[in-house]
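Novice: Take a look at upload-v4.txt, compact mmCIF, N, CA and C atoms:
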```
# COMPACT_ATOMS: atom_id res chain seq x y z
N MET P 9 14.37 -1.68 1.45
CA MET P 9 14.94 -0.87 2.50
C MET P 9 14.49 -1.42 3.86
N LYS P 10 15.43 -1.64 4.73
CA LYS P 10 15.13 -2.18 6.05
C LYS P 10 14.96 -1.05 7.06
N PRO P 11 14.14 -1.27 8.07
CA PRO P 11 14.02 -0.27 9.14
C PRO P 11 15.30 -0.24 9.98
N TYR P 12 15.53 0.88 10.63
CA TYR P 12 16.66 0.98 11.54
C TYR P 12 16.50 -0.02 12.67
N SER P 13 17.61 -0.43 13.26
CA SER P 13 17.57 -1.41 14.34
C SER P 13 16.89 -0.84 15.59
N ASN P 14 16.33 -1.75 16.37
CA ASN P 14 15.71 -1.33 17.63
C ASN P 14 16.75 -0.76 18.58
N ASP P 15 17.99 -1.28 18.52
CA ASP P 15 19.06 -0.77 19.37
C ASP P 15 19.29 0.71 19.12
N LEU P 16 19.39 1.09 17.85
CA LEU P 16 19.58 2.50 17.50
C LEU P 16 18.38 3.31 17.94
N ARG P 17 17.20 2.82 17.67
CA ARG P 17 15.98 3.53 18.05
C ARG P 17 15.92 3.76 19.56
N GLU P 18 16.30 2.74 20.33
CA GLU P 18 16.28 2.87 21.80
C GLU P 18 17.29 3.90 22.28
N ARG P 19 18.49 3.89 21.67
CA ARG P 19 19.50 4.89 22.06
C ARG P 19 19.05 6.30 21.71
N VAL P 20 18.41 6.46 20.55
CA VAL P 20 17.92 7.77 20.13
C VAL P 20 16.84 8.26 21.09
N VAL P 21 15.86 7.40 21.37
CA VAL P 21 14.78 7.78 22.28
C VAL P 21 15.33 8.06 23.68
N GLY P 22 16.29 7.25 24.10
CA GLY P 22 16.92 7.47 25.41
C GLY P 22 17.60 8.83 25.51
N ALA P 23 18.24 9.24 24.42
CA ALA P 23 18.90 10.55 24.41
C ALA P 23 17.88 11.68 24.51
N VAL P 24 16.76 11.54 23.79
CA VAL P 24 15.71 12.56 23.85
C VAL P 24 15.09 12.58 25.25
N GLU P 25 14.83 11.40 25.79
CA GLU P 25 14.28 11.31 27.15
C GLU P 25 15.26 11.89 28.17
N GLY P 26 16.55 11.80 27.87
CA GLY P 26 17.57 12.33 28.76
C GLY P 26 17.72 13.85 28.70
N GLY P 27 16.97 14.49 27.78
CA GLY P 27 16.97 15.95 27.75
C GLY P 27 17.65 16.58 26.55
N GLU P 28 18.26 15.79 25.67
CA GLU P 28 18.90 16.37 24.48
C GLU P 28 17.83 16.83 23.51
N THR P 29 18.18 17.83 22.71
CA THR P 29 17.23 18.31 21.71
C THR P 29 17.14 17.31 20.56
N VAL P 30 16.01 17.34 19.90
CA VAL P 30 15.77 16.43 18.78
C VAL P 30 16.81 16.64 17.68
N ARG P 31 17.12 17.89 17.38
CA ARG P 31 18.10 18.17 16.32
C ARG P 31 19.49 17.66 16.70
N ARG P 32 19.85 17.84 17.93
CA ARG P 32 21.16 17.39 18.40
C ARG P 32 21.25 15.85 18.34
N VAL P 33 20.19 15.19 18.77
CA VAL P 33 20.15 13.72 18.74
C VAL P 33 20.24 13.22 17.30
N ALA P 34 19.50 13.85 16.40
CA ALA P 34 19.51 13.45 14.99
C ALA P 34 20.92 13.58 14.41
N GLU P 35 21.57 14.67 14.72
CA GLU P 35 22.94 14.90 14.23
C GLU P 35 23.91 13.88 14.84
N ARG P 36 23.78 13.65 16.12
CA ARG P 36 24.67 12.74 16.83
C ARG P 36 24.59 11.30 16.30
N PHE P 37 23.35 10.84 16.00
CA PHE P 37 23.18 9.46 15.56
C PHE P 37 23.09 9.30 14.05
N GLY P 38 23.14 10.40 13.32
CA GLY P 38 23.13 10.34 11.87
C GLY P 38 21.80 9.90 11.27
N VAL P 39 20.72 10.34 11.89
CA VAL P 39 19.39 10.04 11.37
C VAL P 39 18.65 11.36 11.17
N SER P 40 17.51 11.30 10.50
CA SER P 40 16.75 12.53 10.25
C SER P 40 16.02 12.99 11.51
N VAL P 41 15.75 14.28 11.55
CA VAL P 41 15.01 14.85 12.66
C VAL P 41 13.62 14.22 12.73
N SER P 42 13.00 14.01 11.56
CA SER P 42 11.66 13.42 11.56
C SER P 42 11.66 12.01 12.13
N SER P 43 12.73 11.25 11.90
CA SER P 43 12.81 9.91 12.48
C SER P 43 12.87 9.98 13.99
N VAL P 44 13.66 10.88 14.49
CA VAL P 44 13.77 11.05 15.95
C VAL P 44 12.41 11.39 16.54
N VAL P 45 11.71 12.33 15.90
CA VAL P 45 10.39 12.74 16.40
C VAL P 45 9.42 11.57 16.36
N LYS P 46 9.38 10.85 15.23
CA LYS P 46 8.43 9.73 15.10
C LYS P 46 8.74 8.62 16.09
N TRP P 47 10.00 8.28 16.27
CA TRP P 47 10.37 7.22 17.21
C TRP P 47 10.00 7.60 18.63
N HIS P 48 10.23 8.87 18.97
CA HIS P 48 9.91 9.34 20.32
C HIS P 48 8.39 9.34 20.53
N GLN P 49 7.65 9.76 19.51
CA GLN P 49 6.19 9.72 19.62
C GLN P 49 5.68 8.29 19.77
N ARG P 50 6.25 7.37 18.98
CA ARG P 50 5.85 5.96 19.08
C ARG P 50 6.13 5.43 20.48
N TYR P 51 7.30 5.78 21.02
CA TYR P 51 7.68 5.33 22.36
C TYR P 51 6.70 5.86 23.41
N ARG P 52 6.35 7.14 23.29
CA ARG P 52 5.43 7.73 24.26
C ARG P 52 4.03 7.13 24.17
N SER P 53 3.59 6.80 22.96
CA SER P 53 2.22 6.30 22.81
C SER P 53 2.10 4.79 23.03
N THR P 54 3.15 4.02 22.70
CA THR P 54 3.04 2.56 22.81
C THR P 54 4.00 1.95 23.82
N GLY P 55 5.03 2.69 24.19
CA GLY P 55 6.04 2.14 25.10
C GLY P 55 7.09 1.32 24.37
N SER P 56 7.02 1.30 23.04
CA SER P 56 7.95 0.52 22.23
C SER P 56 8.49 1.38 21.10
N VAL P 57 9.70 1.08 20.67
CA VAL P 57 10.28 1.79 19.53
C VAL P 57 10.29 0.90 18.29
N SER P 58 9.78 -0.32 18.39
CA SER P 58 9.80 -1.26 17.28
C SER P 58 8.99 -0.72 16.09
N PRO P 59 9.50 -0.94 14.89
CA PRO P 59 8.78 -0.46 13.71
C PRO P 59 7.55 -1.31 13.42
N SER P 60 6.63 -0.75 12.66
CA SER P 60 5.47 -1.51 12.20
C SER P 60 5.93 -2.48 11.12
N PRO P 61 5.18 -3.54 10.91
CA PRO P 61 5.56 -4.49 9.86
C PRO P 61 5.58 -3.80 8.49
N MET P 62 6.54 -4.23 7.66
CA MET P 62 6.66 -3.66 6.32
C MET P 62 6.22 -4.69 5.28
N GLY P 63 5.71 -4.20 4.18
CA GLY P 63 5.38 -5.07 3.06
C GLY P 63 4.20 -5.96 3.34
N GLY P 64 4.24 -7.13 2.73
CA GLY P 64 3.14 -8.07 2.88
C GLY P 64 2.21 -8.02 1.69
N ASN P 65 1.31 -8.93 1.64
CA ASN P 65 0.35 -8.98 0.55
C ASN P 65 -0.89 -8.20 0.91
N ARG P 66 -1.28 -7.36 0.00
CA ARG P 66 -2.52 -6.61 0.18
C ARG P 66 -3.58 -7.26 -0.69
N THR P 67 -4.77 -7.36 -0.16
CA THR P 67 -5.83 -7.94 -0.95
C THR P 67 -6.54 -6.83 -1.72
N SER P 68 -7.03 -7.18 -2.87
CA SER P 68 -7.74 -6.24 -3.73
C SER P 68 -9.20 -6.20 -3.33
N VAL P 69 -9.83 -5.03 -3.45
CA VAL P 69 -11.26 -4.94 -3.19
C VAL P 69 -12.03 -5.73 -4.25
N LEU P 70 -11.38 -6.01 -5.37
CA LEU P 70 -12.04 -6.73 -6.45
C LEU P 70 -12.05 -8.25 -6.25
N ASP P 71 -11.26 -8.76 -5.33
CA ASP P 71 -11.22 -10.20 -5.10
C ASP P 71 -12.61 -10.76 -4.78
N LYS P 72 -13.41 -10.01 -4.03
CA LYS P 72 -14.75 -10.44 -3.66
C LYS P 72 -15.70 -10.43 -4.87
N HIS P 73 -15.33 -9.71 -5.92
CA HIS P 73 -16.19 -9.55 -7.08
C HIS P 73 -15.67 -10.30 -8.30
N ARG P 74 -14.77 -11.23 -8.05
CA ARG P 74 -14.14 -11.98 -9.15
C ARG P 74 -15.16 -12.66 -10.04
N GLU P 75 -16.12 -13.35 -9.46
CA GLU P 75 -17.13 -14.07 -10.24
C GLU P 75 -17.94 -13.11 -11.10
N PHE P 76 -18.33 -11.97 -10.53
CA PHE P 76 -19.08 -10.97 -11.29
C PHE P 76 -18.27 -10.48 -12.49
N ILE P 77 -16.99 -10.18 -12.26
CA ILE P 77 -16.12 -9.70 -13.33
C ILE P 77 -16.00 -10.74 -14.43
N LEU P 78 -15.75 -11.99 -14.06
CA LEU P 78 -15.61 -13.05 -15.05
C LEU P 78 -16.91 -13.24 -15.84
N GLU P 79 -18.02 -13.14 -15.17
CA GLU P 79 -19.33 -13.28 -15.83
C GLU P 79 -19.54 -12.14 -16.84
N GLN P 80 -19.16 -10.92 -16.46
CA GLN P 80 -19.31 -9.78 -17.37
C GLN P 80 -18.45 -9.96 -18.62
N ILE P 81 -17.24 -10.43 -18.42
CA ILE P 81 -16.32 -10.62 -19.55
C ILE P 81 -16.83 -11.76 -20.45
N LYS P 82 -17.39 -12.78 -19.84
CA LYS P 82 -17.92 -13.91 -20.61
C LYS P 82 -19.07 -13.46 -21.51
N HIS P 83 -19.97 -12.63 -20.95
CA HIS P 83 -21.13 -12.17 -21.71
C HIS P 83 -20.79 -11.07 -22.71
N THR P 84 -19.78 -10.26 -22.39
CA THR P 84 -19.39 -9.15 -23.27
C THR P 84 -17.87 -9.16 -23.42
N PRO P 85 -17.34 -9.98 -24.33
CA PRO P 85 -15.88 -10.11 -24.46
C PRO P 85 -15.16 -8.81 -24.84
N HIS P 86 -15.86 -7.90 -25.50
CA HIS P 86 -15.24 -6.64 -25.93
C HIS P 86 -15.38 -5.53 -24.88
N LEU P 87 -15.72 -5.89 -23.67
CA LEU P 87 -15.91 -4.95 -22.57
C LEU P 87 -14.61 -4.19 -22.28
N SER P 88 -14.70 -2.88 -22.13
CA SER P 88 -13.51 -2.08 -21.83
C SER P 88 -13.28 -2.00 -20.32
N LEU P 89 -12.07 -1.63 -19.95
CA LEU P 89 -11.74 -1.47 -18.54
C LEU P 89 -12.61 -0.38 -17.91
N HIS P 90 -12.82 0.71 -18.65
CA HIS P 90 -13.63 1.81 -18.12
C HIS P 90 -15.08 1.35 -17.90
N ARG P 91 -15.61 0.60 -18.84
CA ARG P 91 -16.99 0.11 -18.70
C ARG P 91 -17.10 -0.87 -17.54
N LEU P 92 -16.11 -1.75 -17.41
CA LEU P 92 -16.12 -2.70 -16.31
C LEU P 92 -16.04 -1.97 -14.96
N ALA P 93 -15.21 -0.93 -14.89
CA ALA P 93 -15.13 -0.13 -13.66
C ALA P 93 -16.47 0.54 -13.38
N ALA P 94 -17.16 0.99 -14.43
CA ALA P 94 -18.47 1.61 -14.26
C ALA P 94 -19.50 0.59 -13.76
N LEU P 95 -19.47 -0.62 -14.32
CA LEU P 95 -20.38 -1.68 -13.87
C LEU P 95 -20.14 -2.02 -12.40
N LEU P 96 -18.88 -2.05 -12.01
CA LEU P 96 -18.56 -2.29 -10.60
C LEU P 96 -19.06 -1.13 -9.73
N GLY P 97 -18.94 0.09 -10.26
CA GLY P 97 -19.44 1.26 -9.55
C GLY P 97 -20.93 1.18 -9.31
N ASP P 98 -21.66 0.63 -10.30
CA ASP P 98 -23.11 0.44 -10.14
C ASP P 98 -23.42 -0.51 -8.99
N ARG P 99 -22.49 -1.39 -8.69
CA ARG P 99 -22.66 -2.34 -7.58
C ARG P 99 -22.14 -1.77 -6.26
N GLY P 100 -21.67 -0.51 -6.28
CA GLY P 100 -21.18 0.13 -5.07
C GLY P 100 -19.69 -0.08 -4.81
N VAL P 101 -18.96 -0.59 -5.83
CA VAL P 101 -17.53 -0.83 -5.69
C VAL P 101 -16.79 0.31 -6.39
N GLU P 102 -16.14 1.15 -5.62
CA GLU P 102 -15.40 2.26 -6.22
C GLU P 102 -14.00 1.81 -6.57
N VAL P 103 -13.71 1.79 -7.87
CA VAL P 103 -12.40 1.36 -8.34
C VAL P 103 -12.11 2.07 -9.66
N SER P 104 -10.85 2.39 -9.87
CA SER P 104 -10.44 3.03 -11.12
C SER P 104 -10.24 1.98 -12.20
N HIS P 105 -10.17 2.43 -13.45
CA HIS P 105 -9.90 1.47 -14.52
C HIS P 105 -8.51 0.87 -14.34
N ASN P 106 -7.60 1.63 -13.74
CA ASN P 106 -6.26 1.12 -13.47
C ASN P 106 -6.32 -0.01 -12.44
N GLY P 107 -7.18 0.12 -11.44
CA GLY P 107 -7.36 -0.94 -10.45
C GLY P 107 -7.91 -2.20 -11.10
N VAL P 108 -8.84 -2.02 -12.05
CA VAL P 108 -9.39 -3.16 -12.78
C VAL P 108 -8.28 -3.81 -13.61
N TRP P 109 -7.46 -2.98 -14.26
CA TRP P 109 -6.36 -3.50 -15.07
C TRP P 109 -5.42 -4.35 -14.22
N HIS P 110 -5.04 -3.86 -13.04
CA HIS P 110 -4.15 -4.63 -12.16
C HIS P 110 -4.79 -5.96 -11.75
N PHE P 111 -6.08 -5.94 -11.47
CA PHE P 111 -6.78 -7.17 -11.12
C PHE P 111 -6.74 -8.15 -12.29
N MET P 112 -7.05 -7.65 -13.48
CA MET P 112 -7.06 -8.50 -14.68
C MET P 112 -5.68 -9.10 -14.92
N ARG P 113 -4.68 -8.30 -14.79
CA ARG P 113 -3.31 -8.77 -15.02
C ARG P 113 -2.93 -9.85 -14.01
N ARG P 114 -3.26 -9.63 -12.74
CA ARG P 114 -2.95 -10.60 -11.70
C ARG P 114 -3.70 -11.92 -11.92
N GLU P 115 -4.90 -11.83 -12.48
CA GLU P 115 -5.72 -13.02 -12.76
C GLU P 115 -5.32 -13.71 -14.05
N GLY P 116 -4.42 -13.08 -14.83
CA GLY P 116 -3.99 -13.67 -16.09
C GLY P 116 -5.01 -13.48 -17.20
N LEU P 117 -5.89 -12.51 -17.04
CA LEU P 117 -6.90 -12.22 -18.04
C LEU P 117 -6.42 -11.09 -18.95
N SER P 118 -6.94 -11.06 -20.17
CA SER P 118 -6.49 -10.08 -21.14
C SER P 118 -7.68 -9.42 -21.82
N PHE P 119 -7.50 -8.19 -22.23
CA PHE P 119 -8.51 -7.48 -22.99
C PHE P 119 -8.09 -7.33 -24.45
N LYS P 120 -7.13 -8.09 -24.88
CA LYS P 120 -6.68 -7.97 -26.26
C LYS P 120 -7.81 -8.40 -27.19
N LYS P 121 -8.01 -7.60 -28.20
CA LYS P 121 -9.05 -7.89 -29.16
C LYS P 121 -8.43 -8.44 -30.43
N LYS P 122 -9.15 -9.31 -31.09
CA LYS P 122 -8.66 -9.88 -32.34
C LYS P 122 -8.77 -8.80 -33.42
N PRO P 123 -7.75 -8.72 -34.29
CA PRO P 123 -7.82 -7.71 -35.34
C PRO P 123 -8.93 -8.03 -36.32
N VAL P 124 -9.51 -7.00 -36.88
CA VAL P 124 -10.56 -7.17 -37.88
C VAL P 124 -9.90 -7.51 -39.20
N ARG P 125 -10.39 -8.56 -39.84
CA ARG P 125 -9.81 -8.96 -41.13
C ARG P 125 -10.78 -8.61 -42.24
N PRO P 126 -10.25 -8.12 -43.38
CA PRO P 126 -11.13 -7.75 -44.50
C PRO P 126 -11.72 -8.96 -45.19
```
Since I need it in another form, could you write the structure as structure tokens?

Specialist:
Amino acid sequence: MKPYSNDLRERVVGAVEGGETVRRVAERFGVSVSSVVKWHQRYRSTGSVSPSPMGGNRTSVLDKHREFILEQIKHTPHLSLHRLAALLGDRGVEVSHNGVWHFMRREGLSFKKKPVRP
């Protein structure tokens, strides 16, 4: 989903600055009332109606602890996600087992265990 154009945002803010009500401006330009309010607030606080950047890559808090994680898995191959999250917690890193799972998946690591054979 793309942000609305700056042209539209400027016309909306201009209408509000010109004295029209927020609801009337929203109806006139076919946008939500909350968009009108947010754009006007952004204009008043920054002087610009341009949207903030969207998307991008977010870094994981676990990236800094990659070596520790790999070392733990090397020493204890049957380590669970919950236990690994707890070990990280002992180091002061607050992360859920789901966060650990996402890190493992992104790193191409697996917790699959070999089946026990009789």

Novice: So, counting only N, CA and C atoms, which residue among P:His105, P:Arg74, P:Arg114, P:Arg52 is closest to Ser88 (chain P)?

Specialist: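 Looking at the shortest contact to Ser88 (chain P), the residue is P:His105.
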
Novice: Would you mind reading off the distance between atom C of Ser58 (chain P) and atom N of Ala23 (chain P), one decimal, in Å?

Specialist: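 Straight-line distance from atom C of Ser58 (chain P) to atom N of Ala23 (chain P) works out to 15.9 Å.
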
Novice: Please identify all polymer residues within 12 Å of Val33 (chain P), counting only C-alpha atoms, omitting same-chain residues fewer than 5 positions from it, and present them as a list in words.

Specialist: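 In the requested format, the answer is Leu16, Arg17, Glu18, Arg19, Val20, Val21, Gly22, Ala23, Val24, Glu25, Gly26, Gly27, Glu28, Gly38, Val39, Ser40, Val41, Ser42, Ser43, Val44, Val45, Trp47 and His48 of chain P.
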
Novice: Which value, in Å to one decimal, gives the distance between CA of Met112 (chain P) and atom N of Gly63 (chain P)?

Specialist: 23.2 Å
